[in-house]
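Student: My file is model-v2.cif. It has mmCIF, C-alpha atoms:
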```
data_input
loop_
_atom_site.label_atom_id
_atom_site.label_comp_id
_atom_site.auth_asym_id
_atom_site.auth_seq_id
_atom_site.Cartn_x
_atom_site.Cartn_y
_atom_site.Cartn_z
CA MET A 733 12.31 128.08 91.60
CA THR A 734 13.25 129.49 95.02
CA GLU A 735 11.42 132.39 96.61
CA ILE A 736 13.55 135.01 98.34
CA LEU A 737 11.71 136.19 101.45
CA MET A 738 11.97 139.45 103.38
CA PRO A 739 14.32 138.54 106.25
CA ARG A 740 14.08 139.51 109.91
CA LEU A 741 17.22 141.59 110.42
CA SER A 742 16.53 142.94 113.91
CA ASP A 743 14.55 141.92 116.96
CA THR A 744 12.08 144.80 116.48
CA MET A 745 11.71 144.58 112.71
CA GLU A 746 8.16 144.05 111.40
CA GLU A 747 8.68 145.01 107.76
CA GLY A 748 11.48 146.15 105.51
CA VAL A 749 12.01 148.40 102.52
CA VAL A 750 13.97 147.25 99.48
CA SER A 751 16.09 150.38 99.10
CA SER A 752 18.04 149.10 96.08
CA TRP A 753 18.51 145.95 93.99
CA GLN A 754 22.10 144.95 93.30
CA LYS A 755 21.03 142.26 90.80
CA ARG A 756 18.58 142.43 87.89
CA PRO A 757 16.42 139.75 86.26
CA GLY A 758 18.69 137.51 84.21
CA ASP A 759 21.78 138.16 86.34
CA GLU A 760 23.70 135.15 87.55
CA VAL A 761 23.65 134.79 91.32
CA ARG A 762 26.16 132.91 93.45
CA ALA A 763 25.90 132.12 97.15
CA GLY A 764 27.24 135.13 99.05
CA ASP A 765 26.41 137.68 96.33
CA VAL A 766 24.53 140.74 97.55
CA LEU A 767 21.03 140.67 96.08
CA CYS A 768 19.67 143.91 97.49
CA ASP A 769 19.86 146.47 100.30
CA ILE A 770 17.13 146.15 102.94
CA GLU A 771 16.19 149.15 105.09
CA THR A 772 14.89 148.19 108.53
CA ASP A 773 13.73 150.30 111.45
CA LYS A 774 17.34 150.60 112.56
CA ALA A 775 19.73 150.48 109.62
CA VAL A 776 20.37 149.41 106.05
CA MET A 777 21.67 145.88 105.60
CA GLU A 778 22.86 143.91 102.59
CA TYR A 779 20.88 140.74 101.81
CA GLU A 780 23.10 137.95 100.49
CA ALA A 781 22.04 134.99 98.34
CA TYR A 782 22.20 131.59 99.98
CA GLU A 783 22.41 129.51 96.78
CA ASP A 784 23.54 129.72 93.17
CA GLY A 785 21.12 130.41 90.34
CA VAL A 786 19.71 133.17 88.14
CA LEU A 787 17.54 136.04 89.38
CA ASP A 788 14.25 135.22 87.65
CA ARG A 789 11.86 137.87 88.94
CA ILE A 790 11.80 140.88 91.24
CA LEU A 791 8.53 140.99 93.19
CA VAL A 792 9.16 144.09 95.34
CA ALA A 793 10.56 147.10 93.52
CA GLU A 794 13.04 149.60 94.94
CA GLY A 795 11.43 151.83 97.54
CA GLU A 796 8.59 149.41 98.28
CA THR A 797 7.77 147.81 101.62
CA ALA A 798 7.20 144.15 102.41
CA ALA A 799 6.33 142.32 105.63
CA ILE A 800 8.75 139.84 107.17
CA GLY A 801 8.50 136.52 105.33
CA ALA A 802 6.86 138.00 102.22
CA PRO A 803 8.40 137.01 98.86
CA ILE A 804 10.53 139.77 97.33
CA ALA A 805 12.15 137.89 94.42
CA VAL A 806 12.45 134.50 92.73
CA ILE A 807 15.69 132.70 91.86
CA ALA A 808 15.69 130.05 89.13
CA PRO A 809 18.19 127.18 88.89
CA ALA A 810 21.39 127.98 87.03
CA GLY A 811 20.89 127.50 83.29
CA GLY A 812 17.16 128.22 83.44
CA VAL A 813 15.47 130.85 81.30
CA PRO A 814 14.39 133.89 83.33
CA ALA A 815 10.83 135.06 83.05
CA PRO A 816 10.20 138.67 82.02
CA ASP A 817 10.29 141.12 84.89
CA PRO A 818 6.66 141.78 85.92
CA ALA A 819 5.28 145.19 86.66
CA PRO A 820 6.35 146.23 90.16
CA ALA A 821 3.88 145.66 92.98
CA PRO A 822 2.11 148.77 94.32
CA ALA A 823 4.20 150.60 96.88
CA ARG A 824 2.87 150.35 100.42
CA ALA A 825 4.56 153.49 101.65
CA PRO A 826 7.08 155.92 100.15
CA VAL A 827 10.22 156.24 102.23
CA PRO A 828 13.19 158.61 102.26
CA GLU A 829 16.62 157.52 101.20
CA PRO A 830 18.43 155.42 103.83
CA GLU A 831 20.77 157.23 106.17
CA SER A 832 23.45 154.59 106.66
CA GLU A 833 25.94 152.80 104.46
CA PRO A 834 26.74 149.21 105.42
CA GLU A 835 30.06 147.64 104.57
CA SER A 836 30.09 145.73 101.30
CA ALA A 837 31.41 142.31 100.42
CA PRO A 838 33.36 142.04 97.16
CA LEU A 839 31.08 141.25 94.25
CA ALA A 840 30.86 141.81 90.53
CA VAL A 841 27.65 143.52 89.50
CA ARG A 842 26.49 143.16 85.90
CA ARG A 843 24.11 145.84 84.64
CA PRO A 844 22.11 146.15 81.44
CA ASP A 845 23.21 148.87 79.05
CA GLY A 846 21.82 152.23 80.05
CA ALA A 847 21.09 151.21 83.65
CA ARG A 848 22.27 153.46 86.43
CA PRO A 849 25.65 152.54 87.97
CA PRO A 850 25.62 150.49 91.18
CA SER A 851 25.71 152.71 94.26
CA SER A 852 25.16 152.51 97.98
CA PRO A 853 22.03 154.03 99.60
CA LEU A 854 24.03 156.74 101.36
CA ALA A 855 25.89 157.61 98.15
CA ARG A 856 22.58 158.12 96.35
CA ARG A 857 21.30 160.33 99.14
CA LEU A 858 24.44 162.49 99.15
CA ALA A 859 24.38 162.69 95.36
CA ARG A 860 20.76 163.83 95.40
CA ASP A 861 21.36 166.43 98.13
CA HIS A 862 24.42 167.92 96.39
CA GLY A 863 23.32 167.59 92.77
CA VAL A 864 26.02 165.08 91.83
CA ASP A 865 25.41 163.07 88.63
CA LEU A 866 26.04 159.40 89.48
CA ALA A 867 26.38 158.51 85.80
CA ALA A 868 29.45 160.75 85.57
CA LEU A 869 31.31 158.96 88.37
CA THR A 870 33.47 155.84 88.49
CA GLY A 871 32.90 153.91 91.69
CA SER A 872 35.82 152.92 93.93
CA GLY A 873 33.82 150.31 95.85
CA PRO A 874 33.63 146.57 95.21
CA GLY A 875 32.56 145.78 91.65
CA GLY A 876 32.71 149.47 90.71
CA ARG A 877 30.04 150.41 93.23
CA ILE A 878 29.78 154.14 93.96
CA VAL A 879 30.20 154.75 97.69
CA ARG A 880 30.16 157.79 99.95
CA ALA A 881 33.85 158.57 99.43
CA ASP A 882 33.25 158.95 95.68
CA ILE A 883 30.45 161.45 96.24
CA GLU A 884 32.48 163.43 98.78
CA ALA A 885 35.41 163.56 96.35
CA ALA A 886 33.12 164.88 93.61
CA ILE A 887 31.72 167.52 95.97
CA ARG A 888 35.23 168.67 96.93
CA ALA A 889 36.30 168.80 93.27
CA GLU A 890 33.39 171.09 92.40
CA ALA A 891 33.55 173.19 95.56
CA SER A 892 35.55 176.01 93.92
CA ALA A 893 33.09 176.36 91.05
CA VAL A 894 29.76 175.30 92.48
CA PRO A 895 28.19 177.02 95.52
CA ALA A 896 27.18 174.93 98.47
CA ALA A 897 23.85 173.18 98.07
CA PRO A 898 21.04 175.12 99.73
CA GLU A 899 19.13 173.71 102.64
CA PRO A 900 16.28 171.40 101.57
CA VAL A 901 13.07 173.34 100.96
CA ARG A 902 10.62 172.88 103.78
CA THR A 903 6.93 173.14 103.04
CA ARG A 904 4.86 175.53 105.11
CA ALA A 905 1.74 174.40 106.87
CA GLN A 906 -1.22 175.61 104.86
CA ASP A 907 -3.13 176.92 107.85
CA ASP A 908 -0.33 179.05 109.30
CA PRO A 909 2.27 180.89 107.20
CA ASP A 910 4.60 181.06 110.22
CA VAL A 911 4.78 177.26 110.61
CA GLU A 912 6.96 174.94 108.56
CA ALA A 913 6.00 171.29 108.10
CA VAL A 914 9.13 169.12 107.78
CA PRO A 915 8.28 165.55 106.70
CA LEU A 916 9.44 162.85 109.11
CA ASN A 917 12.12 160.49 107.87
CA ARG A 918 11.67 156.74 108.30
CA PHE A 919 13.89 156.42 111.36
CA ARG A 920 12.08 159.15 113.29
CA LYS A 921 8.72 157.64 112.33
CA VAL A 922 9.79 154.24 113.63
CA ALA A 923 11.20 155.75 116.83
CA ALA A 924 7.95 157.64 117.42
CA ARG A 925 5.90 154.47 116.91
CA ARG A 926 8.06 152.34 119.20
CA LEU A 927 8.20 154.93 121.98
CA THR A 928 4.43 155.39 121.79
CA GLU A 929 3.96 151.64 122.04
CA SER A 930 6.38 151.51 124.97
CA LYS A 931 4.48 154.12 126.98
CA ARG A 932 1.13 152.64 126.02
CA ASP A 933 1.89 148.95 126.55
CA ALA A 934 4.52 148.97 129.30
CA PRO A 935 3.26 150.32 132.65
CA HIS A 936 6.22 152.47 133.66
CA PHE A 937 7.20 153.29 137.21
CA TYR A 938 10.18 155.40 138.25
CA LEU A 939 12.74 155.26 141.05
CA ASN A 940 14.97 158.27 141.77
CA ARG A 941 18.26 158.28 143.60
CA GLU A 942 20.87 160.92 144.45
CA VAL A 943 24.39 159.52 144.29
CA ASP A 944 27.47 160.94 146.01
CA ALA A 945 29.70 161.27 142.94
CA GLY A 946 32.85 162.58 144.62
CA ALA A 947 34.67 159.24 144.66
CA LEU A 948 33.49 158.50 141.13
CA ALA A 949 34.93 161.76 139.78
CA ALA A 950 38.22 161.21 141.60
CA PHE A 951 38.45 157.61 140.38
CA ARG A 952 37.84 158.72 136.81
CA ALA A 953 40.60 161.34 137.08
CA THR A 954 43.05 158.71 138.38
CA LEU A 955 42.13 156.28 135.60
CA ASN A 956 42.66 158.93 132.93
CA GLU A 957 46.10 159.75 134.32
CA VAL A 958 47.07 156.06 134.25
CA LEU A 959 45.48 155.28 130.89
CA ALA A 960 46.59 158.45 129.05
CA PRO A 961 46.22 159.17 126.21
CA ALA A 962 43.15 156.87 126.38
CA ARG A 963 40.30 158.28 128.44
CA VAL A 964 37.17 157.06 130.17
CA SER A 965 34.04 159.10 130.81
CA VAL A 966 31.61 159.15 133.70
CA ASN A 967 29.18 157.35 131.42
CA ASP A 968 31.70 154.54 130.81
CA LEU A 969 31.88 154.01 134.57
CA VAL A 970 28.08 154.10 134.81
CA VAL A 971 27.75 151.46 132.07
CA LYS A 972 30.25 149.22 133.85
CA ALA A 973 28.48 149.71 137.19
CA VAL A 974 25.09 148.97 135.59
CA ALA A 975 26.46 145.80 134.00
CA THR A 976 27.95 144.65 137.31
CA ALA A 977 24.68 145.31 139.16
CA LEU A 978 22.70 143.47 136.48
CA ARG A 979 24.95 140.42 136.85
CA GLU A 980 24.23 140.46 140.59
CA HIS A 981 20.50 141.13 140.07
CA PRO A 982 19.45 138.99 137.07
CA GLU A 983 15.78 139.59 137.86
CA VAL A 984 16.21 143.07 136.32
CA ASN A 985 18.03 141.76 133.25
CA VAL A 986 14.76 140.48 131.78
CA SER A 987 12.17 141.00 129.05
CA TYR A 988 8.41 140.60 129.33
CA THR A 989 6.33 138.60 126.87
CA GLU A 990 2.66 137.63 127.10
CA ASP A 991 3.63 134.00 127.74
CA ALA A 992 6.84 134.19 129.76
CA LEU A 993 9.39 136.35 131.53
CA LEU A 994 12.69 136.03 129.66
CA PHE A 995 15.80 135.98 131.86
CA HIS A 996 18.86 136.92 129.82
CA GLY A 997 22.02 134.96 130.54
CA ARG A 998 24.25 137.70 129.14
CA VAL A 999 24.42 141.42 129.91
CA HIS A 1000 24.20 143.65 126.83
CA VAL A 1001 23.91 147.36 127.69
CA GLY A 1002 22.50 149.81 125.14
CA VAL A 1003 23.93 153.33 125.19
CA ALA A 1004 21.69 156.09 123.81
CA VAL A 1005 23.45 158.28 121.21
CA ALA A 1006 22.01 161.46 119.72
CA VAL A 1007 22.31 161.68 115.91
CA PRO A 1008 21.07 164.36 113.50
CA ASP A 1009 17.99 162.32 112.61
CA GLY A 1010 17.01 161.40 116.18
CA LEU A 1011 18.28 158.81 118.63
CA VAL A 1012 19.92 155.40 118.23
CA VAL A 1013 20.92 152.89 120.91
CA PRO A 1014 24.00 150.86 119.96
CA VAL A 1015 24.76 147.95 122.27
CA VAL A 1016 27.90 147.15 124.28
CA ARG A 1017 27.78 143.36 124.45
CA ASP A 1018 28.87 141.43 127.57
CA ALA A 1019 29.55 144.74 129.31
CA ASP A 1020 29.89 142.99 132.67
CA ARG A 1021 32.92 141.06 131.36
CA LYS A 1022 34.74 144.04 129.88
CA SER A 1023 37.08 146.56 131.48
CA VAL A 1024 36.04 150.18 131.82
CA SER A 1025 38.65 151.22 129.26
CA ARG A 1026 37.36 148.72 126.72
CA ILE A 1027 33.77 149.84 127.32
CA GLY A 1028 34.91 153.41 126.75
CA ALA A 1029 36.70 152.56 123.50
CA GLU A 1030 33.73 150.57 122.16
CA THR A 1031 31.23 153.26 123.15
CA ARG A 1032 33.23 156.00 121.42
CA GLU A 1033 33.59 153.89 118.28
CA LEU A 1034 29.87 153.10 118.23
CA ALA A 1035 29.01 156.77 118.76
CA VAL A 1036 31.23 157.87 115.84
CA ARG A 1037 29.75 155.22 113.56
CA ALA A 1038 26.24 156.22 114.67
CA ARG A 1039 26.79 159.87 113.77
CA GLU A 1040 28.30 158.87 110.42
CA GLY A 1041 25.36 156.56 109.69
CA ARG A 1042 27.52 153.42 109.64
CA LEU A 1043 25.81 151.32 112.31
CA GLY A 1044 24.42 147.96 111.25
CA ALA A 1045 21.34 146.27 112.66
CA GLN A 1046 23.57 143.90 114.63
CA ASP A 1047 25.06 146.93 116.46
CA MET A 1048 21.62 147.97 117.76
CA SER A 1049 19.90 144.68 118.53
CA GLY A 1050 19.98 142.31 121.45
CA GLY A 1051 20.20 144.86 124.27
CA THR A 1052 18.97 143.74 127.69
CA PHE A 1053 19.12 147.14 129.46
CA SER A 1054 19.78 150.73 128.34
CA VAL A 1055 21.54 153.81 129.71
CA SER A 1056 20.62 157.35 128.62
CA ASN A 1057 22.92 160.14 129.82
CA LEU A 1058 22.04 163.81 129.27
CA GLY A 1059 24.48 165.08 131.86
CA MET A 1060 26.82 166.46 129.20
CA PHE A 1061 24.00 168.86 128.24
CA GLY A 1062 23.69 170.15 131.79
CA VAL A 1063 20.47 168.24 132.53
CA GLY A 1064 20.17 167.62 136.26
CA SER A 1065 17.66 164.77 136.15
CA PHE A 1066 15.05 163.26 133.83
CA SER A 1067 13.02 160.12 133.23
CA ALA A 1068 13.67 158.01 130.12
CA VAL A 1069 11.21 155.87 128.14
CA ILE A 1070 11.94 152.13 128.20
CA ASN A 1071 13.44 150.72 125.01
CA PRO A 1072 11.33 147.59 124.30
CA PRO A 1073 11.65 144.67 124.67
CA GLU A 1074 13.93 145.61 127.59
CA ALA A 1075 12.41 145.92 131.07
CA ALA A 1076 14.28 149.00 132.31
CA ILE A 1077 16.39 152.01 131.39
CA LEU A 1078 18.60 154.25 133.53
CA ALA A 1079 18.55 158.03 133.04
CA VAL A 1080 21.74 159.77 134.21
CA GLY A 1081 22.04 163.46 135.01
CA ALA A 1082 25.01 165.78 135.29
CA VAL A 1083 27.60 165.59 138.06
CA ARG A 1084 26.91 168.73 140.11
CA ASP A 1085 29.07 170.62 142.61
CA GLU A 1086 26.98 170.91 145.78
CA PRO A 1087 27.56 171.26 149.50
CA VAL A 1088 27.24 167.95 151.34
CA VAL A 1089 27.25 166.98 154.99
CA ARG A 1090 30.15 164.75 156.13
CA ASP A 1091 30.87 163.92 159.74
CA GLY A 1092 28.48 166.63 160.85
CA ARG A 1093 30.13 169.33 158.73
CA VAL A 1094 29.07 170.99 155.48
CA VAL A 1095 31.83 170.53 152.89
CA PRO A 1096 32.11 170.84 149.08
CA GLY A 1097 30.91 167.72 147.28
CA LYS A 1098 29.60 166.28 144.05
CA ARG A 1099 26.17 164.80 143.42
CA MET A 1100 24.56 162.98 140.51
CA ALA A 1101 20.89 162.07 139.98
CA VAL A 1102 19.92 158.74 138.43
CA THR A 1103 16.37 157.65 137.56
CA LEU A 1104 15.37 154.07 136.85
CA SER A 1105 12.36 153.55 134.56
CA VAL A 1106 10.91 150.05 134.97
CA ASP A 1107 8.27 147.94 133.22
CA HIS A 1108 6.02 146.90 136.12
CA ARG A 1109 4.95 143.77 134.23
CA ALA A 1110 8.52 142.47 134.36
CA CYS A 1111 9.79 143.76 137.68
CA ASP A 1112 8.23 144.94 140.94
CA GLY A 1113 9.19 147.98 143.00
CA ALA A 1114 11.15 146.22 145.74
CA THR A 1115 13.25 144.27 143.24
CA ALA A 1116 14.05 147.39 141.24
CA ALA A 1117 14.87 149.30 144.43
CA LYS A 1118 17.41 146.67 145.47
CA PHE A 1119 19.06 146.88 142.08
CA LEU A 1120 19.21 150.68 142.25
CA ALA A 1121 20.63 150.56 145.78
CA ARG A 1122 23.42 148.24 144.63
CA LEU A 1123 24.09 150.46 141.62
CA ALA A 1124 24.39 153.51 143.87
CA GLU A 1125 26.79 151.58 146.13
CA LEU A 1126 28.99 150.72 143.14
CA LEU A 1127 29.00 154.31 141.88
CA GLU A 1128 29.87 155.67 145.32
CA ASN A 1129 32.62 153.06 145.76
CA PRO A 1130 33.99 152.73 142.21
CA LEU A 1131 36.84 150.39 143.19
CA LEU A 1132 34.11 147.74 143.52
CA ILE A 1133 33.44 148.11 139.79
CA VAL A 1134 36.91 146.86 138.87
CA ALA A 1135 37.38 144.50 141.80
#
```
Could you spell out this file's structure in structure tokens?
Tutor:
Amino acid sequence: MTEILMPRLSDTMEEGVVSSWQKRPGDEVRAGDVLCDIETDKAVMEYEAYEDGVLDRILVAEGETAAIGAPIAVIAPAGGVPAPDPAPAPARAPVPEPESEPESAPLAVRRPDGARPPSSPLARRLARDHGVDLAALTGSGPGGRIVRADIEAAIRAEASAVPAAPEPVRTRAQDDPDVEAVPLNRFRKVAARRLTESKRDAPHFYLNREVDAGALAAFRATLNEVLAPARVSVNDLVVKAVATALREHPEVNVSYTEDALLFHGRVHVGVAVAVPDGLVVPVVRDADRKSVSRIGAETRELAVRAREGRLGAQDMSGGTFSVSNLGMFGVGSFSAVINPPEAAILAVGAVRDEPVVRDGRVVPGKRMAVTLSVDHRACDGATAAKFLARLAELLENPLLIVA
């Protein structure tokens, strides 16, 4: 017998939820088959079997939570007789349906008669929200699995006859009829916990800097003319400048632990993206080694996948520094909360038209505010100030970014 343990699927994961089982007791299992979908604090991932056998027992039922390393199932050797499926363990915490749909590997899923058809977590959520009967659908995914496209096709087919689904009912707070209490989904709960821990455990300090953004704006315009129809944004240039400065100042590209200060040999920059359920931070890996145009293309792709709920845990783990830009919303300046276990995050404001003094004369110019939030346990003020000074120099002389 081999115990299947709850895996660690991200660097911040402490526990996981078994959102769905793709195999049932008695099903044959081959190495590479998807056993179940695991919901982490960042995404939903498929858990593949590492050896052949027969699924003997399920120890953690769908919707239940287990700590990392806890047994969730037992696989018996091929040819063995499976034990009867025990009563599911008590649920530790109810959770909402997962918000993302990972890509699937081809597999054949065998189901007992009368069992519900195989479906992805996002498909089940969409079906529930729009009143679609999964049993009436034929899945187009691997092994007949019902995926999001099948649900969307069913919704379109019924659109002419069935009115749009109403907004989910929100319960009102009992003590005030004018207040609605909207339950938090799992991702927002996890974000709230991690940000609270960040502010509580990491002693933040902040460095502010006004950057002359005239050359940056002109350089971006030139790049977009040359690269058309591809485009780069101010944020793409900021990410590249941050990555370049981190390569030159490795003492900022660090993480704090109770036993050691971890210096990262590679520069992975997280880019904060707003999604309907909160905020995610997908990571541009080796950003210091990539061109601005490639950073722009990757960032746009990650942002689209984030808003469609298609990011995997690997897309949001391993960051060594983060950038949060609210300039597109007209925000002039702000301070961001560090994304642990990183040691710093850069908050970027809007590029503003302002009068500036050049050669003793007041002329039209452009300014941009940047704020560096730093974990004082990992980096001191002078070190962070040198990094920020170099970053400002790169932003004010953008040719240095691509030199």
Student: Name the residues captured by the PyMOL selection byres ((chain A and resi 736) around 6) when it is applied to the shown file; answer as an NGL selection string.
Tutor: :A and (735 or 737 or 803-806)
Student: Could you check the closest approach to A:Ile1133 for each of A:Phe937, A:Tyr782, A:Phe951, A:Phe1061 and tell me which residue wins, using only C-alpha atoms?
Tutor: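 So, comparing all the options, the nearest one is A:Phe951.
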Student: Expand the PyMOL selection byres ((chain A and resi 1087-1095) around 12) into the individual residues it matches in the shown file, reporting them as a tab-separated table (two decimals) with C-alpha atoms, keeping the file's coordinate frame.
Tutor:
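Output contents, as saved in selection_16.tsv:
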```tsv
chain	number	residue	atom	x	y	z
A	942	GLU	CA	20.87	160.92	144.45
A	943	VAL	CA	24.39	159.52	144.29
A	944	ASP	CA	27.47	160.94	146.01
A	945	ALA	CA	29.70	161.27	142.94
A	946	GLY	CA	32.85	162.58	144.62
A	1084	ARG	CA	26.91	168.73	140.11
A	1085	ASP	CA	29.07	170.62	142.61
A	1086	GLU	CA	26.98	170.91	145.78
A	1096	PRO	CA	32.11	170.84	149.08
A	1097	GLY	CA	30.91	167.72	147.28
A	1098	LYS	CA	29.60	166.28	144.05
A	1099	ARG	CA	26.17	164.80	143.42
```
Student: Between A:Arg756, A:Arg1042, A:Arg1021, A:Arg1122, single out the one closest to A:Met777, counting all atoms listed in the file.
Tutor: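 Comparing A:Arg756, A:Arg1042, A:Arg1021, A:Arg1122 against A:Met777, the winner is A:Arg1042.
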Student: Could you jot down the atom CA of A:Asn967 to atom CA of A:Gln1046 separation for me, Å, one decimal place?
Tutor: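 That distance, rounded to one decimal, is 22.2 Å.
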Student: Using only C-alpha atoms, can you tell me which of A:Val1013, A:Val974, A:Val1005, A:Val1106 comes closest to A:Leu1058?
Tutor: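 Comparing A:Val1013, A:Val974, A:Val1005, A:Val1106 against A:Leu1058, the winner is A:Val1005.
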Student: Which is closest to A:Leu1123 among A:Val1012, A:Val971, A:Ala1082, A:Ile1027, if we use only C-alpha atoms?
Tutor: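 So, comparing all the options, the nearest one is A:Val971.
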Student: Any idea what's packed within 8 Å of A:Val1007, counting all atoms listed in the file, ignoring anything in its chain fewer than 4 positions away? Could you give it as a VMD selection string?
Tutor: chain A and resid 1011 to 1012 1038 to 1039
Student: So how many Å separate atom CA of A:Pro915 and atom CA of A:Gly748, to one decimal?
Tutor: 19.7 Å
Student: Can you sort out the box for stretch 748-751 of chain A, edges along x, y and z, all listed atoms in, 5 Å on every side, with centre and edge lengths in Å to one decimal, as lines of an AutoDock Vina configuration file?
Tutor:
```
center_x = 13.8
center_y = 148.3
center_z = 102.3
size_x = 14.6
size_y = 14.2
size_z = 16.4
```
Student: Using the chain letters and numbers from the file, which residues does the PyMOL selection byres ((chain A and resi 1114-1118) around 12) grab, as an NGL selection string?
Tutor: :A and (937-941 or 977-978 or 980-986 or 1075-1078 or 1103-1108 or 1110-1113 or 1119-1125)
Student: Quick one: pull the distance between atom CA of A:Glu771 and atom CA of A:Ala1045, Å, one decimal.
Tutor: 9.6 Å
Student: With 8 Å as the threshold, what does the neighbourhood of (17.6, 136.6, 92.8) contain in terms of residues, counting all atoms listed in the file? Coordinates are those of the file; answer as a PDB file with C-alpha atoms, keeping the file's coordinate frame.
Tutor:
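Generated output (selection27.pdb):
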```pdb
ATOM      1  CA  ILE A 736      13.550 135.010  98.340  1.00  0.00           C
ATOM      2  CA  LYS A 755      21.030 142.260  90.800  1.00  0.00           C
ATOM      3  CA  ARG A 756      18.580 142.430  87.890  1.00  0.00           C
ATOM      4  CA  PRO A 757      16.420 139.750  86.260  1.00  0.00           C
ATOM      5  CA  ASP A 759      21.780 138.160  86.340  1.00  0.00           C
ATOM      6  CA  VAL A 761      23.650 134.790  91.320  1.00  0.00           C
ATOM      7  CA  LEU A 767      21.030 140.670  96.080  1.00  0.00           C
ATOM      8  CA  ALA A 781      22.040 134.990  98.340  1.00  0.00           C
ATOM      9  CA  GLY A 785      21.120 130.410  90.340  1.00  0.00           C
ATOM     10  CA  VAL A 786      19.710 133.170  88.140  1.00  0.00           C
ATOM     11  CA  LEU A 787      17.540 136.040  89.380  1.00  0.00           C
ATOM     12  CA  ASP A 788      14.250 135.220  87.650  1.00  0.00           C
ATOM     13  CA  ARG A 789      11.860 137.870  88.940  1.00  0.00           C
ATOM     14  CA  ILE A 790      11.800 140.880  91.240  1.00  0.00           C
ATOM     15  CA  ALA A 805      12.150 137.890  94.420  1.00  0.00           C
ATOM     16  CA  VAL A 806      12.450 134.500  92.730  1.00  0.00           C
ATOM     17  CA  ILE A 807      15.690 132.700  91.860  1.00  0.00           C
ATOM     18  CA  ALA A 808      15.690 130.050  89.130  1.00  0.00           C
TER      19      ALA A 808
END
```
Student: Between A:Gly1010, A:Asp784, A:Ser1067, A:Pro1130, which is the closest to A:Ala924 once you count all atoms listed in the file?
Tutor: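 Selected residue with least distance to A:Ala924: A:Gly1010.
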Student: So, with only C-alpha atoms as the atoms that count, which of A:Glu1128, A:Ala810, A:Leu791, A:Arg925 lies closest to A:Ala763?
Tutor: A:Ala810
Student: From the structure block, carefully write stretch 1054-1066 of chain A out with N, CA and C atoms; format it as a JSON list (two decimals), in the first residue's frame.
Tutor:
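That gives us selection_36.json:
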```json
[["chain", "number", "residue", "atom", "x", "y", "z"],
["A", 1054, "SER", "N", 8.46, 42.40, -6.22],
["A", 1054, "SER", "CA", 7.19, 42.66, -6.89],
["A", 1054, "SER", "C", 7.04, 44.12, -7.27],
["A", 1055, "VAL", "N", 6.23, 44.35, -8.31],
["A", 1055, "VAL", "CA", 5.89, 45.70, -8.77],
["A", 1055, "VAL", "C", 4.37, 45.82, -8.78],
["A", 1056, "SER", "N", 3.86, 46.88, -8.17],
["A", 1056, "SER", "CA", 2.42, 47.16, -8.17],
["A", 1056, "SER", "C", 2.20, 48.54, -8.76],
["A", 1057, "ASN", "N", 1.47, 48.62, -9.86],
["A", 1057, "ASN", "CA", 1.28, 49.88, -10.58],
["A", 1057, "ASN", "C", -0.20, 50.22, -10.60],
["A", 1058, "LEU", "N", -0.56, 51.34, -9.98],
["A", 1058, "LEU", "CA", -1.93, 51.84, -10.00],
["A", 1058, "LEU", "C", -2.04, 53.12, -10.81],
["A", 1059, "GLY", "N", -1.00, 53.41, -11.57],
["A", 1059, "GLY", "CA", -1.01, 54.63, -12.37],
["A", 1059, "GLY", "C", -2.12, 54.69, -13.38],
["A", 1060, "MET", "N", -2.49, 53.50, -13.95],
["A", 1060, "MET", "CA", -3.56, 53.49, -14.94],
["A", 1060, "MET", "C", -4.91, 53.88, -14.37],
["A", 1061, "PHE", "N", -5.02, 53.89, -13.03],
["A", 1061, "PHE", "CA", -6.25, 54.32, -12.37],
["A", 1061, "PHE", "C", -6.17, 55.77, -11.89],
["A", 1062, "GLY", "N", -5.11, 56.47, -12.30],
["A", 1062, "GLY", "CA", -4.97, 57.86, -11.93],
["A", 1062, "GLY", "C", -4.40, 58.09, -10.56],
["A", 1063, "VAL", "N", -3.90, 57.05, -9.90],
["A", 1063, "VAL", "CA", -3.34, 57.19, -8.56],
["A", 1063, "VAL", "C", -1.96, 57.84, -8.66],
["A", 1064, "GLY", "N", -1.76, 58.92, -7.92],
["A", 1064, "GLY", "CA", -0.49, 59.63, -8.00],
["A", 1064, "GLY", "C", 0.62, 58.91, -7.28],
["A", 1065, "SER", "N", 0.37, 58.44, -6.06],
["A", 1065, "SER", "CA", 1.38, 57.70, -5.30],
["A", 1065, "SER", "C", 0.68, 56.88, -4.23],
["A", 1066, "PHE", "N", 1.33, 55.81, -3.81],
["A", 1066, "PHE", "CA", 0.79, 54.96, -2.74],
["A", 1066, "PHE", "C", 1.91, 54.08, -2.22]]
```
